[in-house]
Each structure stands twice: as C-alpha cells, then as structure tokens.
Amino acid sequence: MSTLARTLSIQSGNIPQALSVSNGLGADHLTTSRTLSNTASPLQIFVRAKKKINDIFADIESYSEESFYFLEELPKNLANKGTVEEIGTYVKKLQAIRYVLSRDHMKCVFFGRTSNGKSSVINAMLREKILPSGIGHTTNCFLQVEGSENGDSYLITEDSDEKQNVKSVAQLAHALCTEKIGCSALMRVVWPKDKCPLLRDDVVFVDSPGIDVSPNLDEWIDKHCVDADVFVLVANAESTLMLTEKNFFHKVSSRLSKPNIFILNNRWDASANEPEYLEEVKKQHLQRSVDFLVNELKVISSKEEAENRVFFVSAKEVLQARLNEQKKVPIHSGIAMTEGFFGRLHEFENFEKQFEECISRSAVRTKFDHHTSRGKLIVSNIRMCMENIRETSLKKSEELQGQKVELSRAIEETERQMLLVTKEAKNRIRNMVEEVEIKVSKALSEEIRRLSALVEEFSEPFDSNLLVLNEYKKKLHKHVDYGLVTSLRSRLTSAVSMNIDSARKEMAAQIVNILPDSKKSTVQLPLDNRPFEVNYPFRCDNLCADFKEDIEFKFSFGVLTVVHRLAGNKLGYFSRLRNQNVEASQSTAITPMTPVIQTQSLMGTEEWSVISKFALATVSSQGAVGGLVIGGFLMKTIGWRLILGFGVIYSGSYLYQWLTWTNKSKEKTFKKQYVQHVTRQLRLVVDLISSNCSHQVQQELSSTFARLGSFVDNASVDMQDLLREVEKDIEVYESISNEAKKLRNKANFINSELQQFEEMFLQASPAQISENHVPERVLRILQQSLALAALIIISFEKQE
C-alpha cells in the first residue's frame with residue numbers, strides 16, 4: 001500500500017488497518033489497547049486497574065513530596081505555614097492510600113445458614129478443597145482465603161503472626177474443634193496463586209459461620225463486610241429463603257449502598273429426584289429471590305437484572321468434577337450421574353462468569369473510584385497552590401522589574417544631576433576664589449600704604465645696642481604681623497565668611513535635592529556652622545631677614561650724601577625699572593622669606609652730570625689730595641672769605657646734627673628704613689598672599705562639597721546595592737515561577753492520567769474494556785500522532 005493510502009487510512013480512523021500497513025508505526029500508543037485484549041478474564045480488569053492506579057498514585061506521591069519540599073524552601077510571603085502543612089498532610093495521606101491500594105483486592109463474602117454449602121462453593125471456585133466442609137455446623141469462624149506471591153502456603157490466626165501449617169485449618173476452623181475460636185475472629189489462609197486462577201487475579205474469599213448460629217450479625221458486618229465487593233448468599237435449594245437470611249442482608253443493605261448480591265440455590269442436584277416439580281420449584285425460588293433483591297432490598301432496579309443474579313447449582317458436584325479434571329480423569333468419575341449434571345455444571349460456570357464480571361466491575365469502582373476522586377482533589381489543590389504561587393511570583397517579579405527600572409532611572413538621574421551640580425559648584429568656587437583673591441590683594445595694598453602708621457604705633461623702648469636692637473626687631477615683626485592680620489580680618493572676614501556660609505548652604509540644598517526621597521529625611525549633612533576665617537601667612541621675621549638697618553651718624557651735607565642725593569632720582573628710576581622686571585619674571589613661587597637684593601652699579605649711569613661724575617671720582621679715587629685741589633680751585637674762583645663763611649656754616653650744621661643725633665632720631669631713622677624695607681617686600685608677595693588666601697577658600701569649599709558629595713556617592717552605592725538585590729530577587733522569583741509552572745504542568749499531566757483511568761476503568765463497561773475499547777479521547781490522540789508520523793514518512797520518501 002502506498003504512503004498516500006496509509007495516510008488516508010489513518011485520517012479516516014481505520015486505526016487497525018493503518019497500524020498494519022505502517023510497519024508498526026504508533027504501536028506504542030496502542031499498548032494499553034493490546035494489553036486489554038490479551039486476556040479474556042474480566043478479573044484482569046481489576047488487576048490492570050490496580051497496577052495503573054498504583055503507578056498513578058506513585059507519581060502523585062512523588063509529585064506531592066516534590067511540591068512539599070519546594071514549598072518549604074519558598075519565602076514566607078509566597079507560601080504560608082498553613083499551606084506547607086496542608087501539602088505535608090497530603091504526603092501522609094498519599095502514603096496511606098498507596099499502602100491501601102497495594103493491599104486492595106476483590107473481596108467476596110459468602111453468607112448463609114449452617115450446612116448450606118458455603119465452604120463447598122468456595123472450594124469449587126478455587127478448584128481446590130481448601131476449606132473444611134461436611135454435614136452439620138462445620139465452619140466456626142471467618143476464613144479468608146488469599147493468594148501468596150512466593151508460592152508459600154500457611155495459616156495465620158487473628159491473635160498471632162505465627163505461620164501455621166495450612167492443613168490445620170480443618171481442625172482450627174471446624175466447629176467440633178476442642179480449641180474454640182470466636183465466631184467473629186478471622187483466620188487467614190494463604191494459598192499459592194499459581195494453583196488457583198481466582199487467587200492469581202487478586203480475588204479474596206471470605207467464608208463465614210452460619211448466620212443462624214450467632215446473634216453477632218452487626219459485629220460481623222462492621223468487621224468483615226464494609227469493604228466487601230460482592231456478597232454471595234448460599235441458600236439451600238431444598239428449602240426457601242429464611243427470615244434469618246433476609247434480616248442479615250437487610251442489615252448489610254442499611255450499612256452499604258446497594259451491595260452486590262448473588263443468590264446461589266445450592267444442592268440443586270436434589271431436584272433430580274423430583275423431575276415432575278423441577279420447573280415449578282425453580283420458578284418459585286427464582287420469583288422469591290428476585291422479589292427479595294428488587295422489592296425488599298432494592299439493590300437491583302430491574303427484574304431481568306435480578307434474574308441474572310440467581311443461580312441453581314450443586315457445589316459438591318462441581319468441586320468433584322474439577323478435581324477430576326486436574327487429575328486428568330473423566331469429570332464425572334466418582335459422581336453419581338444424576339439427571340441434569342451438565343446443566344448444573346454449566347449454571348455454575350455461568351455464575352462464575354457473572355461473578356467475575358460483577359466483582360471486577362464492583363471492585364474497580366468501590367476500591368478505586370474514591371481513591372481516584374481523592375487523588376484528583378489532592379492534585380487539583382496542589383495545582384491550584386502552584387498556580388497561585390506562579391501568579392504571585394510573576395506579580396512580584398513584575399513589581400521588582402518596575403523597581404529595577406525606577407532604580408536604574410534614579411541612579412542615572414542622580415549621576416546626571418551630580419555632574420550638573422559639580423559643574424555649577426566648580427564655577428561658583430572659582431568665582432568666589434577670584435573674588436577673594438581680588439579683595440585680599442586690594443586690602444593688602446591699602447594696608448601696605450598705611451604701614452608707616454602701623455609701625456609708628458609700636459611703642460617699645462629703642463636702644464642701638466645690638467642685642468637689645470635684635471629683640472626690638474622681633475617684637476616689631478610680631479606687632480606688624482598682628483596689625484596686618486587684625487586689620488585684614490576686620491575688613492574681609494565677615495564678607496568672606498558670609499559668602500562661604502551661603503555657598504555651603506546652597507551646595508547642601510542642591511545635594512539634598514539630588515538625594516532619594518528615602519534619604520532626605522534621615523541624612524545629616526556635615527555643615528560647620530562656625531564662621532570661616534582666612535589665615536594670612538604674614539611672617540615679617542622671614543620677610544625682613546635680609547633687613548640691615550643703618551643708624552650710624554651721617555652728615556646731611558656730606559660729600560657722599562650730596563652725591564647720593566644728586567643721583568637719587570636716577571637711582572630711583574632705575575630701581576623702579578629693576579623692580580618691574582623682577583616682578584614680571586617672578587611668579588607665585590617667590591616666597592615671603594626670600595630676600596630681594598637689588599644692586600645697581602653707580603658707574604653704569606651714563607646720564608649723570610659732569611660735576612657729579614667729577615666729584616665722585618675725586619672723592620673715591622684721590623681722597624684728601626683731590627679735596628685740596630678742589631678747595632684751591634674754588635678759592636681762586638669765589639674767594640677765601642666766602643669759603644670761610646661757608647665752612648663755618650657747614651661746621652655748625654655738622655655740629656648741630658651731631659648733637660641732635662639722639663636715640664629718638666635713631667629710632668625714627670630705623671622705623672623709616674624698616675617701613676621702606678617691609679613695604680618693598682610686601683609688594684613683592686601681595687599676589688602670593690592673596691593667592692594663598694583664595695586657595696584656603698577654595699580648599700574649604702572643595703572639601704565641603706566633597707563631604708556633601710560623599711552622601712550622594714553613598715546613596716548611589718546604596719541604590720546600586722539595592723538594584724543588585726532586586727535583580728537577585730527577580731531571578732529568584734522567576735526561578736520560583738518556572739518551578740511552580742513545571743509542578744502545575746505535572747499536575748495537569750497527572751490529572752489527565754486520572755481522567756484516562758476513569759474513562760478506561762470507571763466509566764467504560766467491562767464489556768467495552770474486554771472488547772479492546774479505546775476511549776474516544778485516546779483514539780483521537782492516536783489518530784493525530786499517526787497522521788503526524790505519516791507526514792514525516794512522506795517527507796522522507798520525497799527526499800529519497
């Protein structure tokens with residue numbers, strides 16, 4: 001068949017044909033369907049359902065444990081303690097359910113009056129003579145026959161775990177046994193499964209004492225019947241249903257919702273002795289049994305269905321026939337071949353067939369329906385919890401994403417504003433520094449002009465003695481330093497301090513505006529409220545280190561003095577020119593302690609007068625001879641009388657000046673020389689001092705801004721740390737969301753498994769299951785899978 005034909009077969013829903021022509025394609029999807037068709041026994045439905053539900057609940061238990069451990073690790077804002085404890089209780093419940101499921105089996109309880117053949121019916125169904133049987137009251141307690149996995153056979157009494165020889169059941173459970181066992185006690189008979197087909201399919205039979213020999217019917221029902229799937233009432237066909245039997249099942253019906261009841265009219269072989277009344281008696285028994293099931297107990301709704309629950313058998317004949325079959329001898333050997341034997345054998349086999357279908361269907365629903373509902377409820381609750389956690393974690397993640405965006409923007413905005421504020425602060429500091437420098441330079445220049453008055457205010461006693469004079473100079477240096485600093489502070493401190501204080505406050509306000517709102521109310525800015533004072537670096541002792549006072553007596557009209565006076569204007573001009581060149585070439589690197597010594601060669605002045613040059617040359621080179629020559633020259637020119645008078649006046653002046661050259665005059669001359677020297681030195685360092693003062697202002701404002709800026713830096717660091725924490729939290733919540741999503745999807749898968757289990761075993765009839773019925777949803781999945789596989793095959797064929 002071509003690929004196209006295979007595809008059409010799949011799409012048309014012809015699954016078997018499609019499977020046969022596709023070389024095994026999709027076989028895995030029909031594993032369940034093939035398994036269902038492998039066996040014809042209805043009891044296998046329960047076996048498969050039990051295995052399936054155990055596998056599903058193993059997944060549910062694993063899923064619940066995984067969910068529990070997942071919830072335990074979650075933050076408290078996602079899963080509260082109550083939710084975790086609830087999932088923990090689910091784990092314990094599921095463990096209990098799995099234990100029950102592993103021990104669940106199809107349970108059939110046989111009841112009837114004494115000697116009706118209950119034990120014989122069980123032995124006939126098991127094809128082994130396991131339970132004691134005979135005439136009279138034989139069974140003294142409840143006997144439960146169950147299969148063993150390892151092939152062992154033993155007996156366990158209710159009050160002991162000791163494994164006894166199974167042969168002792170005939171003595172221990174017999175009513176004639178001297179060792180009495182309570183009629184409500186349960187004795188377990190464990191028999192190898194490979195010897196009995198029914199035990200192999202997880203069927204458990206419970207034989208009971210006669211209901212007419214004990215009043216403890218309520219205790220029996222509560223202890224042994226509440227978990228039974230099928231009840232078999234073994235009646236004596238030689239009589240009719242008794243009130244004792246009816247009352248017992250009325251009690252059963254009051255405790256169980258519509259119990260499954262079969263009525264076996266045993267010992268029907270006795271009817272062969274009265275063939276003329278056979279049909280009438282059978283009809284009478286059938287009518288009374290149907291009326292009992294439909295009208296009295298109301299456990300069956302229709303008469304036709306009730307008739308299928310009533311059978312006429314001979315358990316003794318069936319047991320003997322099956323024992324003969326195992327011995328491979330004719331089944332009728334050892335049996336008195338009464339009329340209707342094969343009919344009764346067929347009736348018993350029909351009962352077994354109906355029994356197997358009923359107990360399998362009933363056991364699947366009674367044992368697994370409730371567990372399936374509980375499993376779906378638990379999985380749904382866990383799924384809802386995971387969905388809530390997923391939604392909550394997603395919501396938290398979205399909130400944190402918003403915080404992350406806000407923090408990123410805040411950090412960027414803070415950095416941007418900090419750059420603007422820094423730029424503005426630099427401009428402000430630069431302007432203020434320039435302003436302070438100008439003010440200090442101007443004020444210092446004015447103070448230099450009034451330096452003579454400041455020196456005149458110094459009133460320490462003056463003495464020309466060298467030691468006393470040195471001490472006098474030290475005190476004068478301190479006086480000048482103090483006076484200059486005090487005067488400058490009085491002129492500048494208030495204005496500079498106000499400007500600096502204003503700048504501090506303005507910078508603080510700008511910094512506060514930059515800070516996040518959470519920091520504004522808690523930050524304490526490091527502002528110094530004390531007024532700022534500029535330190536003026538005056539050190540007159542260093543400035544005047546090269547100062548050499550000249551307080552020796554000098555006649556005002558002496559030759560050198562006159563010459564110096566005549567040359568004074570020219571020397572002063574060249575001295576000022578020299579100072580200008582020095583100031584232009586020197587920068588702020590000149591320190592106040594550096595002495596400035598200006599020398600000007602007297603011989604370098606070409607513009608001096610001829611007389612000055614001649615007089616200077618005469619005095620400096622020829623001494624007294626030159627003076628005599630000049631005197632003789634003058635005497636011949638103007639006369640000796642005039643010269644004599646001039647000499648007298650000249651001598652008188654000299655004497656007067658010499659006499660008036662007192663200590664006061666020396667002090668005045670010293671202060672004058674000192675003022676001239678200090679003025680000259682201070683003018684050289686005006687720019688340096690003003691620069692130094694402006695640098696102090698710059699340093700103060702810069703350090704203040706740096707301290708203020710550290711708060712912004714700290715705030716930025718805090719925001720960066722918070723941003724990293726937010727990113728970590730986002731990763732955590734996203735991881736939680738993904739894990740919760742996985743667990744939610746697992747719940748969906750498990751729910752689909754439970755739903756499929758319901759469709760296959762709880763909703764479908766046994767006939768549908770045994771006839772390879774595949775649920776419609778499963779069939780639809782198979783069709784889609786096979787169609788997809790067929791398309792893949794087509795694509796491969798085209799490529800080839």
# chains A, B, ... in the order shown; residues from 1 in each chain; ligands from 1
>>> residues_around(residues="Ile511 in chain A", least_positions_apart="4", cutoff="9 Å", atoms="only C-alpha atoms", output="PyMOL selection string")
chain A and resi 418+421+506-507+515+705+708-709+711-712
>>> residues_around(residues="range 432-442 of chain A", least_positions_apart="4", cutoff="6 Å", atoms="only C-alpha atoms", output="MDAnalysis selection string")
chainID A and resid 690:691 694
>>> residues_around(residues="Ala410 in chain A", least_positions_apart="5", cutoff="12 Å", atoms="only C-alpha atoms", output="PyMOL selection string")
chain A and resi 403-405+415-418+514-517+712+715-720+722-723
>>> residues_around(residues="Met187 in chain A", least_positions_apart="5", cutoff="8 Å", atoms="only C-alpha atoms", output="list in words")
Cys141, Phe142, Leu143, Gln144, Leu155, Ile156, Thr157, Glu158 and Ala173 of chain A
>>> atom_distance(atom1="CA of Ala58 in chain A", atom2="CA of Asn748 in chain A")
15.6 Å
>>> atom_distance(atom1="CA of Cys540 in chain A", atom2="CA of His477 in chain A")
5.0 Å
>>> select_by_dssp(residues="range 238-388 of chain A", states="strand (DSSP E or B)", output="JSON, numbers by chain")
{"A": [261, 262, 263, 264, 265, 266, 310, 311, 312]}
>>> residues_around(residues="Lys478 in chain A", least_positions_apart="2", cutoff="12 Å", atoms="only C-alpha atoms", output="MDAnalysis selection string")
chainID A and resid 454:455 458 471:476 480:486 538:544
>>> write_last_selection(atoms="C-alpha atoms", output="tab-separated table (two decimals), in the first residue's frame")
chain	number	residue	atom	x	y	z
A	454	LEU	CA	51.21	100.79	61.99
A	455	VAL	CA	54.97	100.94	62.69
A	458	PHE	CA	54.91	100.34	68.08
A	471	GLU	CA	64.92	91.85	70.43
A	472	TYR	CA	63.32	95.12	69.42
A	473	LYS	CA	63.13	93.92	65.81
A	474	LYS	CA	61.50	90.62	66.85
A	475	LYS	CA	58.79	92.42	68.75
A	476	LEU	CA	58.32	94.84	65.88
A	480	VAL	CA	53.39	94.30	62.27
A	481	ASP	CA	52.15	90.71	61.75
A	482	TYR	CA	49.38	91.15	64.28
A	483	GLY	CA	48.40	94.54	62.98
A	484	LEU	CA	48.20	93.41	59.36
A	485	VAL	CA	46.27	90.23	60.19
A	486	THR	CA	43.86	92.06	62.51
A	538	PHE	CA	52.49	87.05	57.24
A	539	ARG	CA	55.92	86.35	58.68
A	540	CYS	CA	57.76	89.64	58.98
A	541	ASP	CA	60.71	87.91	60.57
A	542	ASN	CA	61.17	86.00	57.32
A	543	LEU	CA	60.35	88.96	55.07
A	544	CYS	CA	62.85	91.11	56.92
>>> select_by_dssp(residues="range 372-560 of chain A", states="helix (DSSP H, G or I)", output="PyMOL selection string")
chain A and resi 372-449+451-456+466-514+517-520+540-543+559-560
>>> closest_residue(among="A:Asn513, A:Glu325, A:Asn260, A:Arg374", to="Glu413 in chain A", atoms="only C-alpha atoms")
A:Asn513
>>> closest_residue(among="A:Glu307, A:Glu149, A:Glu317, A:Asp369", to="Gln755 in chain A", atoms="only C-alpha atoms")
A:Asp369
>>> residues_around(residues="range 43-57 of chain A", least_positions_apart="6", cutoff="9 Å", atoms="only C-alpha atoms", output="VMD selection string")
chain A and resid 35 to 36 94 to 95 97 to 98 101 to 102 104 to 106 198 201 to 203 356 to 357 359 to 361 363 to 364 367 to 368 371 to 372 375 750 753 to 754 757 760 to 761 766 769 to 770
>>> write_last_selection(atoms="N, CA and C atoms", output="CSV table (one decimal), in the first residue's frame")
chain,number,residue,atom,x,y,z
A,35,THR,N,-3.0,-4.6,25.4
A,35,THR,CA,-2.9,-5.3,26.7
A,35,THR,C,-4.3,-5.7,27.2
A,36,LEU,N,-5.3,-4.8,26.9
A,36,LEU,CA,-6.7,-5.1,27.3
A,36,LEU,C,-7.2,-6.3,26.5
A,94,LEU,N,-1.3,10.3,51.1
A,94,LEU,CA,-1.0,9.6,49.9
A,94,LEU,C,-0.2,8.3,50.2
A,95,GLN,N,0.6,8.4,51.2
A,95,GLN,CA,1.4,7.2,51.7
A,95,GLN,C,0.4,6.2,52.2
A,97,ILE,N,-2.8,6.0,51.3
A,97,ILE,CA,-3.6,5.5,50.2
A,97,ILE,C,-2.8,4.5,49.4
A,98,ARG,N,-1.5,4.7,49.2
A,98,ARG,CA,-0.7,3.8,48.4
A,98,ARG,C,-0.6,2.4,49.2
A,101,LEU,N,-3.9,0.8,48.6
A,101,LEU,CA,-4.0,0.3,47.2
A,101,LEU,C,-3.2,-0.9,46.9
A,102,SER,N,-2.0,-0.9,47.5
A,102,SER,CA,-1.2,-2.1,47.3
A,102,SER,C,-1.8,-3.4,47.9
A,104,ASP,N,-5.2,-3.7,48.3
A,104,ASP,CA,-6.6,-3.8,47.8
A,104,ASP,C,-6.7,-5.1,47.0
A,105,HIS,N,-7.8,-5.7,47.1
A,105,HIS,CA,-8.1,-6.9,46.3
A,105,HIS,C,-9.7,-7.0,46.2
A,106,MET,N,-10.1,-7.9,45.3
A,106,MET,CA,-11.5,-8.1,45.1
A,106,MET,C,-12.0,-9.1,46.2
A,198,LEU,N,-8.3,-17.8,40.4
A,198,LEU,CA,-9.0,-16.6,41.0
A,198,LEU,C,-8.1,-15.9,42.0
A,201,ASP,N,-5.7,-13.6,40.3
A,201,ASP,CA,-6.3,-12.3,39.9
A,201,ASP,C,-6.7,-11.4,41.1
A,202,ASP,N,-6.1,-11.6,42.2
A,202,ASP,CA,-6.3,-10.7,43.4
A,202,ASP,C,-7.7,-10.9,44.0
A,203,VAL,N,-8.3,-12.0,43.9
A,203,VAL,CA,-9.6,-12.3,44.5
A,203,VAL,C,-9.4,-12.9,45.9
A,356,GLU,N,-17.4,-13.0,38.1
A,356,GLU,CA,-16.2,-12.4,37.8
A,356,GLU,C,-16.4,-11.0,37.2
A,357,GLU,N,-17.4,-10.8,36.3
A,357,GLU,CA,-17.7,-9.5,35.8
A,357,GLU,C,-18.2,-8.5,36.9
A,359,ILE,N,-17.8,-8.7,40.3
A,359,ILE,CA,-16.8,-8.4,41.3
A,359,ILE,C,-15.7,-7.5,40.7
A,360,SER,N,-15.3,-7.7,39.5
A,360,SER,CA,-14.3,-6.9,38.9
A,360,SER,C,-14.8,-5.5,38.7
A,361,ARG,N,-16.0,-5.3,38.2
A,361,ARG,CA,-16.6,-4.0,38.0
A,361,ARG,C,-16.8,-3.3,39.3
A,363,ALA,N,-15.4,-4.0,42.3
A,363,ALA,CA,-14.1,-3.8,43.0
A,363,ALA,C,-13.4,-2.6,42.4
A,364,VAL,N,-13.4,-2.5,41.1
A,364,VAL,CA,-12.7,-1.3,40.5
A,364,VAL,C,-13.4,0.0,40.9
A,367,LYS,N,-13.2,0.2,45.0
A,367,LYS,CA,-11.8,0.3,45.5
A,367,LYS,C,-11.1,1.6,45.0
A,368,PHE,N,-11.4,1.9,43.7
A,368,PHE,CA,-10.6,2.9,43.1
A,368,PHE,C,-11.3,4.2,42.8
A,371,HIS,N,-10.6,6.6,45.7
A,371,HIS,CA,-9.2,7.0,45.7
A,371,HIS,C,-8.9,7.9,44.5
A,372,THR,N,-9.5,7.6,43.3
A,372,THR,CA,-9.3,8.5,42.2
A,372,THR,C,-9.8,9.9,42.4
A,375,GLY,N,-7.5,11.5,44.8
A,375,GLY,CA,-6.2,11.8,44.1
A,375,GLY,C,-6.4,13.1,43.2
A,750,ILE,N,-0.8,14.5,35.5
A,750,ILE,CA,-1.4,13.5,36.5
A,750,ILE,C,-2.9,13.5,36.4
A,753,GLU,N,-3.9,11.6,33.5
A,753,GLU,CA,-3.8,10.2,33.7
A,753,GLU,C,-5.0,9.7,34.5
A,754,LEU,N,-5.4,10.5,35.6
A,754,LEU,CA,-6.5,10.1,36.3
A,754,LEU,C,-7.8,10.1,35.5
A,757,PHE,N,-7.7,7.1,33.4
A,757,PHE,CA,-8.1,5.9,34.2
A,757,PHE,C,-9.6,5.8,34.4
A,760,MET,N,-11.2,4.7,31.2
A,760,MET,CA,-10.9,3.3,30.8
A,760,MET,C,-11.4,2.3,31.7
A,761,PHE,N,-11.5,2.6,33.0
A,761,PHE,CA,-11.9,1.6,34.0
A,761,PHE,C,-13.2,1.9,34.8
A,766,PRO,N,-17.4,-3.2,31.6
A,766,PRO,CA,-16.5,-4.3,31.4
A,766,PRO,C,-16.5,-4.9,30.0
A,769,ILE,N,-14.3,-2.7,27.9
A,769,ILE,CA,-12.9,-2.8,28.2
A,769,ILE,C,-12.4,-4.2,27.7
A,770,SER,N,-13.2,-5.2,27.9
A,770,SER,CA,-12.7,-6.5,27.4
A,770,SER,C,-12.7,-6.7,25.9
>>> atom_distance(atom1="CA of Tyr656 in chain A", atom2="CA of Gln673 in chain A")
22.5 Å
>>> closest_residue(among="A:Val230, A:Ala237, A:Val91, A:Ile382", to="Arg309 in chain A", atoms="only C-alpha atoms")
A:Val230
